[in-house]
Amino acid sequence: MSAGDDTGSREVRPDRRPLWRTVLTPRWFGLLLLALAIAAGMSAMGVWQLDVYHSKTAAATAKRAEGAPVPLQSLFSIDEGLPAKAVGRRVMVEGTWGRPADQLFIADRRQGSADGFWVVSPVMLSDSGGAVMVVRGWVPTVSDPAAAAPRGSVRLTGAVAASEAADSSGDAAKGRVLSSLRIPTIVHLVDYRLYDAFVIQSSVESGVVPSPAPAVVPPPAPPTDHAGLRNIAYAFQWWVFAAFTLWMWAKIVLDAHRDPNPESDQDTQPNPTSPDPPPAEASAESSAASSVADDQVEESVDSSGTVSA
Amino acid sequence: MTSPADPATSASSQPVTPAVRGALTRYRVIAYVVGVMLLLLVFVAMPLKYFADSPGAVNVIGPLHGFLYMVYLLATFDLFRRVRWSFPRLIMMALAGTIPFLSFYAERKTTHELLGH
């Protein structure tokens with residue numbers, strides 16, 4: 001179908017004019033403006049679909065952090081790894097505080113403009129025989145009175161957080177102050193099973209509320225919840241359509257430019273079997289085609305493929 | 001046009017060369033596929049989404065129809081260049097792929113014009 005395989009018969013045509021003159025004729029220039037307008041509209045539709053994707057994603061991401069708290073055990077079990085869809089969810093944890101000796105600190109944590117530590121304490125879960133590590137809050141120093149480990153039963157709410165990615169394989173040797181929040185490190189420091197997640201405590205619903213209490217740590221931003229991937233596909237399709245519109249214009253103009261006079265080697269032969277009809281007819285067009293501007297679409301859109309294929 | 005009486009090209013003065021025939025076949029296949037996809041999208045997937053709150057089918061068929069429609073446009077344009085249709089005809093045939101049932105009609109009409117059956 002390509003127009004590049006034209007036969008040499010067109011090269012000898014005497015009235016060959018530069019491509020830009022073909023483009024600047026009212027017909028093809030007007031069609032160019034039309035194609036540009038359509039392509040611009042299609043591009044705008046693509047941008048609109050991309051916006052839809054962004055707002056859907058933002059809504060889905062926010063919805064995850066806004067849902068009512070559910071029991072941690074209902075999201076996943078202590079035997080599983082942390083599922084991605086649980087990260088950022090608000091959960092309830094019910095149990096008893098673990099041994100004070102199992103309390104940990106995570107160093108180099110900023111709260112506002114101050115450097116300090118996160119206090120991480122295990123809650124022994126009522127039903128599963130294991131524990132979950134709860135980030136109780138922030139203290140300026142390890143010896144701060146608010147860091148004193150609580151005791152007794154507790155019911156608290158918080159947000160699920162995943163282990164940090166930073167490698168801290170040497171952390172286990174450092175005692176009670178670690179440099180990153182990682183279950184793989186902490187699991188070696190306790191002699192019970194641990195949930196593969198942290199709960200960033202937001203409030204204590206029942207149980208002893210220590211006074212003074214560590215400052216509440218804001219929950220980490222929930223991971224982006226990609227919603228509306230269909231709209232991404234639509235956006236790209238609109239842009240492809242926009243490019244296709246311009247490509248069609250170029251193709252049509254090139255066809256017309258190569259062969260403004262269909263009488264030279266046109267394929268208007270009624271013979272359905274011959275792929276290469278000899279030039280014979282279309283005398284009606286030949287007289288009209290002497291004028292520069294009147295190349296009709298029907299004449300000028302040369303189906304070169306029928307000649308060459 | 002000096003088209004002698006040729007029963008095979010009843011409504012058209014165009015010759016049906018093998019190249020045109022090939023382009024027509026490609027067009028007919030993709031027109032049929034796009035038409036079926038559009039029917040599935042409009043009459044199955046979209047009711048599922050808006051009445052049964054189950055957007056899964058739209059999420060698959062929607063973009064799929066979009067990409068197949070690109071192929072439809074390519075095939076239509078290819079055929080348009082070979083048989084030298086008028087420009088409005090190209091626009092109408094492109095739009096026919098976006099309206100339920102119309103692509104089937106356009107395909108029948110085009111085939112009839114070019115092949116006479």
# chains A, B, ... in the order shown; residues from 1 in each chain; ligands from 1
>>> residues_around(residues="segment 135-137 of chain A", least_positions_apart="6", cutoff="10 Å", atoms="only C-alpha atoms", output="PDB file with C-alpha atoms, in the first residue's frame")
ATOM      1  CA  GLN A 103      10.571  -2.083  73.892  1.00  0.00           C
ATOM      2  CA  LEU A 104      12.745  -0.609  71.128  1.00  0.00           C
ATOM      3  CA  PHE A 105      13.767   2.815  69.885  1.00  0.00           C
ATOM      4  CA  ILE A 106      14.278   3.880  66.304  1.00  0.00           C
ATOM      5  CA  GLN A 111       9.039  15.342  64.783  1.00  0.00           C
ATOM      6  CA  PHE A 117      13.310   8.548  68.653  1.00  0.00           C
ATOM      7  CA  TRP A 118      10.268   6.468  67.865  1.00  0.00           C
ATOM      8  CA  VAL A 119       9.147   4.219  70.693  1.00  0.00           C
ATOM      9  CA  VAL A 120       8.198   0.758  69.465  1.00  0.00           C
ATOM     10  CA  SER A 121       6.475  -1.665  71.833  1.00  0.00           C
ATOM     11  CA  PRO A 122       5.026  -5.112  71.211  1.00  0.00           C
ATOM     12  CA  ALA A 146       7.103   9.376  78.279  1.00  0.00           C
ATOM     13  CA  ALA A 147       9.120   6.450  76.929  1.00  0.00           C
ATOM     14  CA  ALA A 149       6.819   1.058  78.740  1.00  0.00           C
ATOM     15  CA  PRO A 150       3.119   0.632  79.479  1.00  0.00           C
ATOM     16  CA  LEU A 156      -5.687   0.923  70.269  1.00  0.00           C
ATOM     17  CA  GLY A 158      -3.444   3.053  64.248  1.00  0.00           C
ATOM     18  CA  ALA A 159      -2.305   2.742  60.664  1.00  0.00           C
ATOM     19  CA  ALA A 161       3.038   0.562  57.983  1.00  0.00           C
ATOM     20  CA  LEU A 181      12.029   0.233  61.306  1.00  0.00           C
ATOM     21  CA  PHE A 198       4.008  -2.067  62.173  1.00  0.00           C
ATOM     22  CA  VAL A 199       1.030  -0.209  63.545  1.00  0.00           C
ATOM     23  CA  ILE A 200       1.570   3.522  63.876  1.00  0.00           C
ATOM     24  CA  GLN A 201      -0.572   4.227  66.933  1.00  0.00           C
ATOM     25  CA  SER A 202      -3.011   7.116  66.653  1.00  0.00           C
ATOM     26  CA  SER A 203      -5.054   6.673  69.837  1.00  0.00           C
ATOM     27  CA  VAL A 204      -5.583   4.308  72.755  1.00  0.00           C
ATOM     28  CA  ALA A 213       2.669   9.906  76.623  1.00  0.00           C
ATOM     29  CA  PRO A 214       4.965   9.954  73.609  1.00  0.00           C
ATOM     30  CA  ALA A 215       4.000  12.461  70.937  1.00  0.00           C
ATOM     31  CA  VAL A 216       1.717  10.922  68.308  1.00  0.00           C
ATOM     32  CA  VAL A 217       3.564  10.141  65.094  1.00  0.00           C
ATOM     33  CA  PRO A 218       1.642  11.102  61.948  1.00  0.00           C
ATOM     34  CA  PRO A 219       0.837   7.986  59.925  1.00  0.00           C
TER      35      PRO A 219
END
>>> atom_distance(atom1="atom CA of Leu24 of chain A", atom2="atom CA of Arg89 of chain B")
23.8 Å
>>> closest_residue(among="A:Met133, A:Ala165, A:Leu194, A:Ala37", to="Gly81 of chain A", atoms="only C-alpha atoms")
A:Leu194
>>> atom_distance(atom1="atom CA of Arg108 of chain B", atom2="atom CA of Ile61 of chain B")
24.5 Å
>>> select_by_dssp(residues="segment 8-255 of chain A", states="strand (DSSP E or B)", output="JSON, numbers by chain")
{"A": [70, 71, 90, 91, 92, 93, 94, 95, 96, 97, 104, 105, 106, 107, 108, 109, 110, 111, 114, 115, 116, 117, 118, 119, 120, 121, 122, 123, 124, 125, 131, 132, 133, 134, 135, 136, 137, 138, 139, 153, 154, 155, 156, 157, 158, 159, 160, 161, 177, 178, 194, 195, 196, 197, 198, 199, 200, 201, 202, 203, 204, 205, 206, 207, 215]}
>>> residues_around(residues="segment 29-34 of chain A", least_positions_apart="3", cutoff="10 Å", atoms="only C-alpha atoms", output="list of chain:residue names")
A:Arg21, A:Thr22, A:Val23, A:Leu24, A:Thr25, A:Pro26, A:Ala37, A:Ile38, A:Ala39, A:Ala40, A:Thr245, A:Leu246, A:Trp249, A:Ala250, A:Ile252, A:Val253
>>> residues_around(residues="Val58 of chain B", least_positions_apart="3", cutoff="9 Å", atoms="only C-alpha atoms", output="JSON, numbers by chain")
{"A": [230], "B": [41, 44, 45, 46, 48, 49, 54, 55, 61, 62, 63]}
>>> closest_residue(among="B:Val83, B:Ile91, B:Ala106, B:Val29", to="chain A", atoms="only C-alpha atoms")
B:Val83
>>> closest_residue(among="B:Ser86, B:Ser103, B:Lys109, B:Ile30", to="chain A", atoms="only C-alpha atoms")
B:Ser86
>>> residues_around(residues="segment 72-77 of chain B", least_positions_apart="6", cutoff="12 Å", atoms="only C-alpha atoms", output="VMD selection string")
(chain A and resid 1 240 to 241 244 to 245 247 to 249 251 to 252 301 303) or (chain B and resid 20 22 to 35 37 65 to 66 83 to 87 89 to 98 103 106 to 107 110)
>>> select_by_dssp(residues="segment 38-287 of chain A", states="alpha helix (DSSP H)", output="ChimeraX atom specification")
/A:38-66,72-75,183-186,229-258,283-287
>>> residues_around(residues="Phe236 of chain A", least_positions_apart="5", cutoff="9 Å", atoms="only C-alpha atoms", output="CSV table (one decimal) with C-alpha atoms, in the first residue's frame")
chain,number,residue,atom,x,y,z
A,46,GLY,CA,-6.3,12.6,26.2
A,49,GLN,CA,-8.6,11.2,30.5
A,50,LEU,CA,-5.2,11.5,32.2
A,231,ASN,CA,-8.4,5.9,31.6
A,241,PHE,CA,-5.8,9.2,17.2
>>> closest_residue(among="B:Leu102, B:Val36, B:Met70, B:Ala52", to="chain A", atoms="only C-alpha atoms")
B:Met70
>>> closest_residue(among="A:Arg90, A:Arg17, A:Lys85, A:His257", to="Val70 of chain A", atoms="only C-alpha atoms")
A:Arg90
